[in-house]
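Below is query-v3.cif, holding mmCIF, C-alpha atoms.
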data_model
#
loop_
_atom_site.label_atom_id
_atom_site.label_comp_id
_atom_site.auth_asym_id
_atom_site.auth_seq_id
_atom_site.Cartn_x
_atom_site.Cartn_y
_atom_site.Cartn_z
CA MET A 289 89.51 90.15 85.60
CA ALA A 290 86.42 89.50 83.45
CA GLY A 291 84.18 86.86 85.03
CA GLY A 292 83.71 83.53 83.23
CA LEU A 293 87.05 83.57 81.36
CA PHE A 294 88.44 80.74 83.46
CA SER A 295 86.92 77.62 84.96
CA PRO A 296 85.84 78.04 88.62
CA ALA A 297 88.83 75.99 89.89
CA VAL A 298 91.36 78.08 87.94
CA GLN A 299 89.69 81.33 88.97
CA ARG A 300 89.75 80.22 92.61
CA LEU A 301 93.48 79.49 92.42
CA ILE A 302 94.14 82.92 90.82
CA ASP A 303 92.06 84.63 93.53
CA GLU A 304 93.86 82.79 96.33
CA LEU A 305 97.33 83.53 94.94
CA ALA A 306 96.41 87.19 94.46
CA LYS A 307 95.84 87.43 98.22
CA LEU A 308 99.57 86.85 98.85
CA PRO A 309 101.63 89.94 99.70
CA GLY A 310 103.31 91.48 96.65
CA VAL A 311 101.25 89.37 94.23
CA GLY A 312 98.86 91.25 91.97
CA PRO A 313 96.19 89.75 89.67
CA LYS A 314 98.62 89.49 86.71
CA THR A 315 101.30 87.67 88.71
CA ALA A 316 98.64 85.44 90.26
CA GLN A 317 97.47 84.52 86.77
CA ARG A 318 101.05 83.80 85.64
CA LEU A 319 101.73 81.61 88.70
CA THR A 320 98.45 79.74 88.18
CA PHE A 321 99.33 78.84 84.59
CA TYR A 322 102.82 77.82 85.67
CA LEU A 323 101.39 75.53 88.36
CA LEU A 324 98.85 74.06 85.96
CA LYS A 325 101.61 73.24 83.47
CA LEU A 326 103.61 71.35 86.11
CA PRO A 327 103.19 67.56 86.36
CA PRO A 328 101.16 66.51 89.44
CA GLU A 329 104.25 65.15 91.26
CA GLU A 330 105.78 68.64 91.18
CA ALA A 331 102.68 70.76 91.81
CA LEU A 332 101.04 68.74 94.57
CA PRO A 333 104.01 68.87 97.04
CA LEU A 334 103.49 72.66 97.19
CA ALA A 335 99.87 72.19 98.26
CA GLN A 336 100.93 69.49 100.72
CA ALA A 337 103.71 71.70 102.13
CA ILE A 338 101.25 74.55 102.74
CA THR A 339 98.79 72.19 104.46
CA ALA A 340 101.52 70.54 106.57
CA ALA A 341 103.02 73.89 107.62
CA LYS A 342 99.63 75.33 108.55
CA GLU A 343 98.76 72.25 110.59
CA ALA A 344 102.13 71.79 112.32
CA VAL A 345 103.50 75.29 112.85
CA ARG A 346 102.35 77.30 115.84
CA PHE A 347 103.71 79.97 118.16
CA CYS A 348 106.22 79.12 120.88
CA HIS A 349 104.49 79.33 124.29
CA ARG A 350 107.37 81.27 125.74
CA CYS A 351 108.69 83.63 123.06
CA PHE A 352 106.03 83.52 120.26
CA ASN A 353 108.56 82.50 117.63
CA LEU A 354 107.34 79.97 115.05
CA THR A 355 107.77 76.35 116.08
CA GLU A 356 106.34 72.87 115.60
CA GLN A 357 106.53 72.06 119.32
CA ASP A 358 105.39 73.84 122.47
CA LEU A 359 108.76 75.57 122.79
CA CYS A 360 110.90 76.72 119.87
CA ALA A 361 114.45 75.42 119.29
CA ILE A 362 115.99 78.59 120.76
CA CYS A 363 113.97 78.42 123.99
CA GLN A 364 114.82 74.72 124.34
CA ASP A 365 118.55 75.24 123.81
CA PRO A 366 120.32 75.16 127.24
CA ARG A 367 123.44 76.80 125.72
CA ARG A 368 121.59 80.08 125.11
CA ASP A 369 122.37 82.91 127.52
CA GLN A 370 119.30 83.20 129.76
CA SER A 371 120.33 86.64 131.01
CA LEU A 372 119.88 88.28 127.59
CA LEU A 373 116.48 88.85 126.05
CA CYS A 374 115.97 90.50 122.68
CA VAL A 375 112.54 91.88 121.80
CA VAL A 376 111.66 91.84 118.09
CA GLU A 377 108.54 92.59 116.06
CA GLU A 378 108.20 89.49 113.87
CA PRO A 379 109.53 85.89 113.71
CA SER A 380 111.44 86.90 110.55
CA ASP A 381 113.46 89.34 112.70
CA VAL A 382 114.65 86.40 114.84
CA LEU A 383 116.00 84.82 111.66
CA SER A 384 117.80 88.04 110.67
CA LEU A 385 119.47 88.34 114.08
CA GLU A 386 120.38 84.65 114.14
CA ARG A 387 122.14 85.06 110.78
CA THR A 388 124.57 87.50 112.41
CA HIS A 389 125.96 84.70 114.69
CA GLU A 390 126.65 87.51 117.19
CA TYR A 391 123.78 86.93 119.59
CA ARG A 392 123.46 83.95 121.94
CA GLY A 393 120.56 85.09 124.14
CA LEU A 394 116.81 84.50 124.00
CA TYR A 395 114.06 86.30 122.07
CA HIS A 396 110.57 87.61 122.56
CA VAL A 397 108.44 88.17 119.45
CA LEU A 398 105.83 90.91 119.89
CA GLY A 399 103.81 90.07 116.78
CA GLY A 400 103.93 93.66 115.46
CA ALA A 401 104.63 97.14 116.73
CA LEU A 402 102.67 99.89 118.43
CA SER A 403 101.40 102.41 115.95
CA PRO A 404 99.62 105.46 117.36
CA LEU A 405 99.00 106.60 113.77
CA ASP A 406 97.09 103.42 112.91
CA GLY A 407 95.48 102.89 116.32
CA ILE A 408 97.47 99.72 117.14
CA GLY A 409 97.71 99.66 120.93
CA PRO A 410 99.59 97.50 123.47
CA ASP A 411 96.69 95.04 123.77
CA ARG A 412 97.34 93.85 120.19
CA LEU A 413 100.92 92.75 120.97
CA HIS A 414 102.55 90.13 123.23
CA LEU A 415 103.56 92.78 125.74
CA ASP A 416 101.86 91.36 128.86
CA THR A 417 103.73 88.09 128.36
CA LEU A 418 106.99 90.03 127.93
CA PHE A 419 106.58 91.80 131.27
CA SER A 420 105.53 88.55 132.93
CA ARG A 421 108.67 86.83 131.53
CA LEU A 422 110.84 89.66 132.80
CA SER A 423 109.43 89.34 136.30
CA LYS A 424 109.94 85.54 136.39
CA GLU A 425 113.11 84.88 134.37
CA PRO A 426 116.70 85.80 135.32
CA VAL A 427 117.02 88.44 132.58
CA GLN A 428 119.73 91.03 133.18
CA GLU A 429 119.66 92.84 129.87
CA LEU A 430 116.70 93.56 127.62
CA ILE A 431 117.70 94.40 124.06
CA ILE A 432 114.97 96.23 122.17
CA GLY A 433 115.36 95.13 118.58
CA THR A 434 112.26 96.70 117.05
CA ASN A 435 112.59 98.38 113.65
CA PRO A 436 114.08 101.89 113.52
CA SER A 437 110.75 103.18 112.17
CA LEU A 438 108.12 105.32 113.87
CA ALA A 439 106.18 102.25 115.08
CA GLY A 440 109.35 100.49 116.23
CA GLU A 441 110.54 103.56 118.15
CA ALA A 442 107.12 103.99 119.75
CA THR A 443 107.21 100.35 120.88
CA ALA A 444 110.73 100.76 122.28
CA LEU A 445 109.70 103.89 124.19
CA PHE A 446 106.60 102.18 125.55
CA ILE A 447 108.54 99.12 126.75
CA SER A 448 111.23 101.17 128.49
CA GLU A 449 108.60 103.39 130.16
CA GLN A 450 106.48 100.44 131.32
CA LEU A 451 109.46 98.48 132.55
CA HIS A 452 110.17 100.84 135.42
CA SER A 453 106.65 100.46 136.83
CA THR A 454 106.38 96.70 136.16
CA LEU A 455 109.60 95.55 137.79
CA GLY A 456 109.43 97.69 140.90
CA GLY A 457 112.92 97.88 142.41
CA ARG A 458 114.58 95.21 140.23
CA LEU A 459 117.11 96.61 137.79
CA ILE A 460 117.32 95.35 134.24
CA ARG A 461 119.66 96.95 131.75
CA VAL A 462 117.62 98.13 128.76
CA THR A 463 119.47 98.64 125.48
CA ARG A 464 118.40 99.49 121.94
CA LEU A 465 119.95 98.24 118.71
CA ALA A 466 122.29 100.92 117.36
CA ALA A 467 121.07 103.01 114.44
CA GLY A 468 123.43 104.48 111.90
CA LEU A 469 125.27 103.93 108.66
CA PRO A 470 124.93 100.64 106.79
CA VAL A 471 128.12 98.72 106.08
CA GLY A 472 129.17 99.37 102.47
CA GLY A 473 127.23 102.62 102.22
CA ASP A 474 128.66 106.04 101.31
CA LEU A 475 128.50 108.84 103.86
CA GLU A 476 127.66 111.20 101.01
CA TYR A 477 124.37 109.45 100.34
CA ALA A 478 123.24 108.95 103.94
CA ASP A 479 120.09 110.81 104.93
CA GLU A 480 120.29 113.46 107.66
CA VAL A 481 118.28 111.49 110.24
CA THR A 482 120.42 108.34 109.90
CA LEU A 483 123.65 110.34 109.86
CA GLY A 484 122.50 112.30 112.92
CA LYS A 485 121.79 109.05 114.77
CA ALA A 486 125.16 107.66 113.72
CA LEU A 487 126.84 110.75 115.16
CA LEU A 488 124.90 110.52 118.40
CA GLY A 489 125.70 106.82 118.75
CA ARG A 490 129.41 107.15 117.88
CA ARG A 491 131.77 104.92 119.88
CA GLU A 492 135.24 105.32 121.21
CA MET A 493 138.05 103.51 119.41
CA MET B 13 95.91 113.02 89.19
CA ALA B 14 96.56 116.19 87.18
CA GLY B 15 99.02 115.78 84.27
CA PHE B 16 102.02 113.49 83.97
CA ARG B 17 104.81 115.91 84.88
CA SER B 18 106.83 115.39 88.02
CA ILE B 19 105.93 117.70 90.86
CA LYS B 20 108.41 119.21 93.27
CA THR B 21 106.75 120.42 96.44
CA GLN B 22 107.17 120.82 100.17
CA ALA B 23 105.39 118.12 102.14
CA LEU B 24 104.85 116.93 105.67
CA VAL B 25 104.75 113.15 106.09
CA VAL B 26 101.50 112.28 107.90
CA GLY B 27 101.49 108.50 107.59
CA THR B 28 103.31 105.47 106.26
CA MET B 29 102.45 101.82 105.77
CA ARG B 30 104.38 98.84 104.53
CA LEU B 31 103.85 97.88 100.92
CA GLY B 32 105.17 94.79 99.17
CA GLU B 33 108.70 93.50 99.81
CA ALA B 34 110.56 96.66 100.71
CA ASP B 35 108.33 99.61 99.76
CA ARG B 36 106.20 101.99 101.76
CA LEU B 37 102.99 103.79 100.94
CA VAL B 38 103.45 107.28 102.35
CA THR B 39 100.73 109.82 102.99
CA LEU B 40 101.99 113.36 102.46
CA TYR B 41 100.35 116.70 103.08
CA THR B 42 101.85 118.82 100.31
CA ARG B 43 101.79 122.55 99.76
CA GLU B 44 100.95 122.21 96.04
CA ARG B 45 98.50 119.28 95.98
CA GLY B 46 97.16 118.89 99.51
CA ARG B 47 96.96 115.33 100.79
CA VAL B 48 98.47 112.74 98.44
CA SER B 49 99.53 109.11 98.71
CA ALA B 50 102.74 107.98 97.07
CA VAL B 51 104.75 104.81 96.78
CA ALA B 52 108.32 105.06 98.07
CA LYS B 53 110.17 102.15 96.51
CA GLY B 54 112.79 100.18 98.41
CA VAL B 55 112.80 102.52 101.41
CA ARG B 56 112.71 99.69 103.94
CA ARG B 57 116.10 98.44 102.77
CA PRO B 58 119.06 99.61 104.89
CA LEU B 59 120.85 101.07 101.88
CA SER B 60 117.88 103.22 100.86
CA ARG B 61 118.91 106.84 100.41
CA ILE B 62 115.49 108.26 101.17
CA GLY B 63 113.98 105.92 103.79
CA GLY B 64 115.10 107.96 106.80
CA ARG B 65 113.70 111.13 105.28
CA LEU B 66 110.18 109.75 104.94
CA GLU B 67 109.40 109.07 108.58
CA PRO B 68 106.13 110.62 109.88
CA PHE B 69 106.33 114.32 110.90
CA SER B 70 109.33 115.02 108.62
CA LEU B 71 109.08 118.22 106.60
CA VAL B 72 110.63 117.55 103.22
CA HIS B 73 111.10 118.75 99.67
CA VAL B 74 109.72 115.88 97.67
CA LEU B 75 109.78 115.00 93.99
CA LEU B 76 106.69 113.04 92.96
CA HIS B 77 106.26 111.26 89.66
CA PRO B 78 102.61 110.68 88.73
CA GLY B 79 101.74 107.14 87.67
CA ARG B 80 98.46 105.81 86.35
CA SER B 81 96.79 105.75 89.75
CA ILE B 82 99.35 106.79 92.33
CA TYR B 83 102.47 108.93 92.69
CA THR B 84 105.96 107.50 93.12
CA VAL B 85 108.49 109.30 95.30
CA THR B 86 111.59 109.88 93.19
CA GLY B 87 113.51 112.30 95.41
CA VAL B 88 113.43 113.62 98.98
CA ASP B 89 115.38 116.32 100.82
CA THR B 90 114.84 117.02 104.49
CA ILE B 91 113.89 120.56 105.48
CA ARG B 92 113.26 119.71 109.16
CA SER B 93 112.98 116.20 110.56
CA PHE B 94 111.09 117.19 113.77
CA GLN B 95 112.84 114.26 115.42
CA ALA B 96 111.67 115.40 118.89
CA VAL B 97 108.07 114.44 118.03
CA ARG B 98 109.13 110.83 117.42
CA GLU B 99 111.40 110.55 120.44
CA GLU B 100 108.83 110.87 123.24
CA LEU B 101 105.69 108.79 123.49
CA PHE B 102 103.47 111.66 124.73
CA ARG B 103 104.47 113.86 121.77
CA LEU B 104 104.06 110.96 119.38
CA GLU B 105 100.52 110.23 120.56
CA ALA B 106 99.68 113.92 120.28
CA GLY B 107 101.20 114.07 116.80
CA ALA B 108 99.09 111.08 115.77
CA GLN B 109 96.00 113.19 116.48
CA LEU B 110 97.22 115.82 114.00
CA CYS B 111 97.81 113.18 111.32
CA GLU B 112 94.35 111.77 112.00
CA ALA B 113 92.85 115.27 111.71
CA VAL B 114 94.55 115.82 108.34
CA ARG B 115 93.24 112.49 107.04
CA GLY B 116 89.75 113.29 108.32
CA LEU B 117 89.42 116.91 107.21
CA PHE B 118 91.16 117.03 103.84
CA THR B 119 90.32 115.04 100.76
CA GLU B 120 93.06 113.88 98.38
CA GLU B 121 94.54 116.29 95.84
CA GLU B 122 92.90 119.44 97.17
CA ALA B 123 95.56 122.12 97.60
CA ASN B 124 95.26 124.24 100.72
CA PRO B 125 98.53 126.13 101.39
CA ALA B 126 97.05 127.72 104.53
CA ALA B 127 96.35 124.28 106.00
CA PHE B 128 99.89 123.20 105.09
CA ASN B 129 101.33 126.22 106.95
CA VAL B 130 99.14 125.54 110.00
CA LEU B 131 100.17 121.90 110.05
CA VAL B 132 103.90 122.67 109.82
CA ARG B 133 103.64 125.33 112.55
CA GLY B 134 101.64 122.90 114.71
CA VAL B 135 104.20 120.11 114.36
CA ALA B 136 107.03 122.60 115.09
CA LYS B 137 105.20 123.77 118.23
CA LEU B 138 104.63 120.16 119.26
CA ALA B 139 108.33 119.34 118.76
CA GLY B 140 109.22 122.15 121.16
CA ALA B 141 106.49 121.36 123.72
CA SER B 142 107.74 120.01 127.04
CA GLY B 143 104.82 119.59 129.46
CA ALA B 144 101.30 118.18 129.12
CA GLY B 145 99.84 121.72 128.91
CA GLU B 146 102.14 122.76 126.07
CA VAL B 147 101.42 119.55 124.17
CA SER B 148 97.68 120.00 124.62
CA VAL B 149 97.81 123.62 123.44
CA ALA B 150 99.95 122.68 120.42
CA VAL B 151 97.63 119.87 119.32
CA THR B 152 94.27 121.45 120.16
CA GLY B 153 95.39 124.80 118.76
CA THR B 154 96.48 123.16 115.50
CA ILE B 155 93.24 121.18 115.21
CA VAL B 156 91.21 124.36 115.74
CA LYS B 157 93.28 126.23 113.12
CA LEU B 158 92.88 123.34 110.65
CA LEU B 159 89.11 123.54 111.19
CA LEU B 160 89.26 127.29 110.60
CA VAL B 161 91.15 127.03 107.31
CA GLN B 162 88.57 124.51 106.16
CA GLY B 163 85.88 127.08 106.96
CA PHE B 164 84.51 125.48 110.11
CA VAL B 165 84.40 128.35 112.62
CA PRO B 166 82.67 127.61 115.94
CA ASP B 167 80.26 130.36 116.98
CA LEU B 168 81.35 131.58 120.40
CA ALA B 169 79.73 135.04 120.50
CA GLY B 170 76.31 133.86 121.60
CA CYS B 171 73.99 130.86 121.69
CA VAL B 172 74.02 129.29 118.22
CA ALA B 173 70.37 128.28 118.57
CA CYS B 174 68.64 131.41 119.97
CA GLY B 175 71.33 134.12 119.77
CA THR B 176 71.29 135.15 123.41
CA THR B 177 74.60 136.22 124.96
CA GLU B 178 73.47 135.43 128.53
CA GLY B 179 73.87 132.15 130.43
CA LEU B 180 76.09 130.35 127.91
CA VAL B 181 76.69 126.96 129.51
CA GLY B 182 76.77 124.31 126.77
CA PHE B 183 78.42 123.24 123.57
CA GLY B 184 77.14 121.35 120.54
CA ALA B 185 79.43 120.30 117.67
CA GLU B 186 76.50 119.55 115.40
CA GLU B 187 74.97 122.92 116.28
CA GLY B 188 78.34 124.56 115.55
CA GLY B 189 79.06 126.44 118.79
CA ILE B 190 77.98 127.31 122.30
CA LEU B 191 74.48 127.05 123.72
CA CYS B 192 72.50 128.78 126.47
CA SER B 193 71.04 126.75 129.35
CA HIS B 194 67.58 126.64 127.77
CA CYS B 195 68.83 125.47 124.35
CA LEU B 196 71.23 122.94 125.97
CA GLU B 197 68.23 121.25 127.64
CA THR B 198 66.38 120.89 124.35
CA ALA B 199 69.45 120.19 122.19
CA ALA B 200 70.21 116.90 120.47
CA VAL B 201 72.27 114.10 122.05
CA GLY B 202 75.99 114.87 122.02
CA CYS B 203 75.82 118.38 123.48
CA PHE B 204 77.49 118.89 126.84
CA ALA B 205 77.95 121.48 129.57
CA VAL B 206 80.95 123.82 129.53
CA THR B 207 82.19 126.58 131.83
CA ASP B 208 83.12 130.20 131.04
CA GLU B 209 86.77 129.20 131.34
CA GLY B 210 86.36 126.46 128.73
CA ILE B 211 84.69 128.91 126.34
CA ARG B 212 87.42 131.48 126.97
CA CYS B 213 90.13 128.88 126.23
CA LEU B 214 88.44 127.85 122.99
CA HIS B 215 88.09 131.53 122.08
CA ASP B 216 91.85 131.97 122.62
CA LEU B 217 92.61 128.91 120.53
CA VAL B 218 90.46 130.32 117.71
CA SER B 219 91.69 133.91 117.80
CA CYS B 220 95.38 133.83 118.89
CA PRO B 221 98.13 132.89 116.45
CA LEU B 222 99.50 129.41 117.15
CA ALA B 223 102.91 130.75 118.18
CA GLU B 224 101.34 133.03 120.81
CA LEU B 225 99.19 130.38 122.51
CA ASP B 226 100.47 130.03 126.04
CA PRO B 227 99.21 127.29 128.39
CA SER B 228 100.31 129.28 131.44
CA ARG B 229 97.56 131.80 130.65
CA MET B 230 94.88 129.10 130.60
CA GLU B 231 93.24 127.18 133.43
CA GLU B 232 93.93 123.43 133.18
CA SER B 233 90.22 122.56 133.50
CA GLY B 234 89.31 125.14 130.85
CA LEU B 235 91.95 123.78 128.50
CA ARG B 236 90.58 120.25 128.94
CA GLU B 237 87.07 121.50 128.07
CA ALA B 238 88.40 123.35 125.01
CA GLU B 239 90.20 120.16 124.00
CA ARG B 240 86.93 118.22 124.25
CA MET B 241 85.04 120.84 122.21
CA ALA B 242 87.73 120.88 119.50
CA ARG B 243 87.75 117.08 119.27
CA ARG B 244 83.96 116.99 118.99
CA LEU B 245 84.07 119.58 116.21
CA LEU B 246 86.77 117.61 114.41
CA ALA B 247 84.83 114.34 114.76
CA HIS B 248 81.66 116.03 113.50
CA TYR B 249 83.25 117.62 110.42
CA ALA B 250 85.38 114.56 109.65
CA GLY B 251 82.25 112.39 109.87
CA TRP B 252 83.55 110.15 112.67
CA GLN B 253 81.33 108.36 115.17
CA THR B 254 81.51 109.70 118.73
CA GLY B 255 80.07 108.51 121.99
CA PRO B 256 77.34 110.42 123.89
#

Encoded form (structure tokens):
Amino acid sequence: MAGGLFSPAVQRLIDELAKLPGVGPKTAQRLTFYLLKLPPEEALPLAQAITAAKEAVRFCHRCFNLTEQDLCAICQDPRRDQSLLCVVEEPSDVLSLERTHEYRGLYHVLGGALSPLDGIGPDRLHLDTLFSRLSKEPVQELIIGTNPSLAGEATALFISEQLHSTLGGRLIRVTRLAAGLPVGGDLEYADEVTLGKALLGRREM
Amino acid sequence: MAGFRSIKTQALVVGTMRLGEADRLVTLYTRERGRVSAVAKGVRRPLSRIGGRLEPFSLVHVLLHPGRSIYTVTGVDTIRSFQAVREELFRLEAGAQLCEAVRGLFTEEEANPAAFNVLVRGVAKLAGASGAGEVSVAVTGTIVKLLLVQGFVPDLAGCVACGTTEGLVGFGAEEGGILCSHCLETAAVGCFAVTDEGIRCLHDLVSCPLAELDPSRMEESGLREAERMARRLLAHYAGWQTGP
């Protein structure tokens, strides 16, 4: 963008919007002009919502999900099954799993995934707190719900390997989310890796 | 980016990163164009037809459409998925070193079919490796071969500084090979002592075909020294910072 075309305030707004994921300079410019056209009573609540969310929202002390209190709503809910713990990469994954209405256990958000290719090691994730939770809480099954990508698989492998040394003699069932064909998809179009995993993970009927 | 025609080529996936809502930026080492980056659109969605084929270490036939600044992946067929590399942490960490070596040694859009062949053979050997020795030989051997195809051949016949063939006890990546005791003392920081076994292992890694490299014929300590020498060479030629 050529310098000096816009006033400093407008340019600042374009620059800030362009920092958002999936927003390029053109989209940032379009959004800026849309916001500037809005009456103040419609535009300002957006700014206030961002400020309020940034000030109020923090990570749950127990599971690292997003919350406005010390503990998130899931951790506070006594009806949740305390013997099930599902490990996910991001808070958005908690939302996806909650939408299934199939899971009534607790979560642990790692804040990312191990990536040997990008040099992201265990110290960058909430892994220590996971192992500490597992040694203190009455968890009987750990469900590893990391993404079925290279980083997600590496994280799952790391957790299952570390678990044996961390827990000593205590036995915890470790399971991994199934990988396979998506509902509504055609077998014909499935890739070989996914189809192979679906075959390996087939179940009896 | 040469021309605007789609390219169909064999490629090994050496890296991926998330891009936008559901896309990935994949780094491929291709037979026709060397290392290239390409956008794979929508591959993070469960219904994507190509997402599972673009995981790191997969050997694929790929169709790339050149855009203004970057390629877009428009088709992928798996040749070999090398799933075993992704299924064990020790193989995965070793494989990451190969991907790092490719990113460090080869610039974008510089075709090098020999390097492509070495890389594919190296990943295949790694996929079949079971113990620490086999993994080390697969990775170090591949790194050494990648250095060779780029023209970086370590001098192991005699001291690189004075030429003597007696008392060879050191190694210097910056110097480009082994050093005698006298030259090791006066050499720059970063040179280190090695044994005859280490030199012999590195010699084997340089001269034997990848498929014939056998860890059972190498001493473990020698293999570790050869590994250190290969990594120092790689770091030197890739321009990475290394410790003393």

* **Residues near segment 228-239 of chain B, cut-off 6 Å, all atoms listed in the file, skip fewer than 6 positions along chain, as a ChimeraX atom specification** => /B:152,209-210,213-214

* For chain A, which residues have at least one atom within 10 Å of chain B, if we go by all atoms listed in the file? Write them as a VMD selection string, please. -> chain A and resid 308 to 311 403 to 407 435 to 439 441 to 446 449 468 to 474 476 to 483

* Taking the file above as input, evaluate the PyMOL selection byres ((chain B and resi 181-189) around 9) and report the hits as a PyMOL selection string. => chain B and resi 164-173+179-180+190-193+195-196+199-208+211+241-242+244-249

* **Selected residue of minimal separation from Leu305 of chain A among A:Gln317, A:Gln336, A:Ser371, A:Gln364, counting all atoms listed in the file** => A:Gln317

Please write the residues picked by the PyMOL selection byres ((chain B and resi 16) around 12) on this file as a PDB file with C-alpha atoms, keeping the file's coordinate frame.
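New file selection.pdb:
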ATOM      1  CA  MET B  13      95.910 113.020  89.190  1.00  0.00           C
ATOM      2  CA  ALA B  14      96.560 116.190  87.180  1.00  0.00           C
ATOM      3  CA  GLY B  15      99.020 115.780  84.270  1.00  0.00           C
ATOM      4  CA  ARG B  17     104.810 115.910  84.880  1.00  0.00           C
ATOM      5  CA  SER B  18     106.830 115.390  88.020  1.00  0.00           C
ATOM      6  CA  ILE B  19     105.930 117.700  90.860  1.00  0.00           C
ATOM      7  CA  LEU B  76     106.690 113.040  92.960  1.00  0.00           C
ATOM      8  CA  HIS B  77     106.260 111.260  89.660  1.00  0.00           C
ATOM      9  CA  PRO B  78     102.610 110.680  88.730  1.00  0.00           C
ATOM     10  CA  GLY B  79     101.740 107.140  87.670  1.00  0.00           C
ATOM     11  CA  ARG B  80      98.460 105.810  86.350  1.00  0.00           C
ATOM     12  CA  SER B  81      96.790 105.750  89.750  1.00  0.00           C
ATOM     13  CA  ILE B  82      99.350 106.790  92.330  1.00  0.00           C
ATOM     14  CA  TYR B  83     102.470 108.930  92.690  1.00  0.00           C
ATOM     15  CA  THR B  84     105.960 107.500  93.120  1.00  0.00           C
TER      16      THR B  84
END

* To do: Rounded to one decimal place, report the atom CA of Cys351 of chain A-atom CA of His396 of chain A distance in Å.
  =>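 Result for atom CA of Cys351 of chain A versus atom CA of His396 of chain A: 4.4 Å, one decimal.
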
* For Ala316 of chain A, which of A:Ala331, A:Val298, A:Cys363, A:Ile447 is the closest residue, counting all atoms listed in the file? ->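 Residue with the minimum atom-to-atom distance to Ala316 of chain A: A:Val298.
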
* Asked: Out of A:Cys348, A:Lys424, A:Val397, A:Leu415, which residue has the shortest atom-to-atom distance to Leu383 of chain A when counting all atoms listed in the file?
  -> A:Val397

Evaluated on this file, the PyMOL selection byres ((chain B and resi 137-144) around 8) picks out some residues - which ones are they, written as a compact mmCIF listing (two decimals) with C-alpha atoms, keeping the file's coordinate frame?
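To be explicit, this is the file written out as selection18.txt:
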# COMPACT_ATOMS: atom_id res chain seq x y z
CA PHE B 94 111.09 117.19 113.77
CA GLN B 95 112.84 114.26 115.42
CA ALA B 96 111.67 115.40 118.89
CA VAL B 97 108.07 114.44 118.03
CA ARG B 103 104.47 113.86 121.77
CA GLY B 107 101.20 114.07 116.80
CA ARG B 133 103.64 125.33 112.55
CA GLY B 134 101.64 122.90 114.71
CA VAL B 135 104.20 120.11 114.36
CA ALA B 136 107.03 122.60 115.09
CA GLY B 145 99.84 121.72 128.91
CA GLU B 146 102.14 122.76 126.07
CA VAL B 147 101.42 119.55 124.17
CA SER B 148 97.68 120.00 124.62
CA ALA B 150 99.95 122.68 120.42
CA VAL B 151 97.63 119.87 119.32
CA ALA B 223 102.91 130.75 118.18

* Residues at most 10 Å from Leu319 of chain A, counting all atoms listed in the file, excluding those fewer than 5 positions away in the same chain, as a ChimeraX atom specification? -> /A:301-302,305-306,311,313-314,324-325

* To do: Would you please work out which residue, of B:Arg243, B:Arg30, B:Arg43, B:Lys53, is nearest to Asn124 of chain B when using all atoms listed in the file?
  => B:Arg43

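The space separating atom CA of Gln370 of chain A from atom CA of Gly440 of chain A comes to 24.1 Å.
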
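Going from atom CA of Ala361 of chain A over to atom CA of Asp416 of chain A, you cover 22.5 Å.
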
* Of the listed residues A:Asp358, A:Glu329, A:Glu377, A:Asp369, that which approaches Leu402 of chain A most closely, counting all atoms listed in the file ->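 The closest residue to Leu402 of chain A is A:Glu377.
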
* To do: Name the residues within 7 Å of (89.7, 124.2, 117.0), counting only C-alpha atoms in the file's coordinates, and put them as JSON, numbers by chain.
  => {"B": [152, 153, 155, 156, 157, 159, 217, 218, 242]}
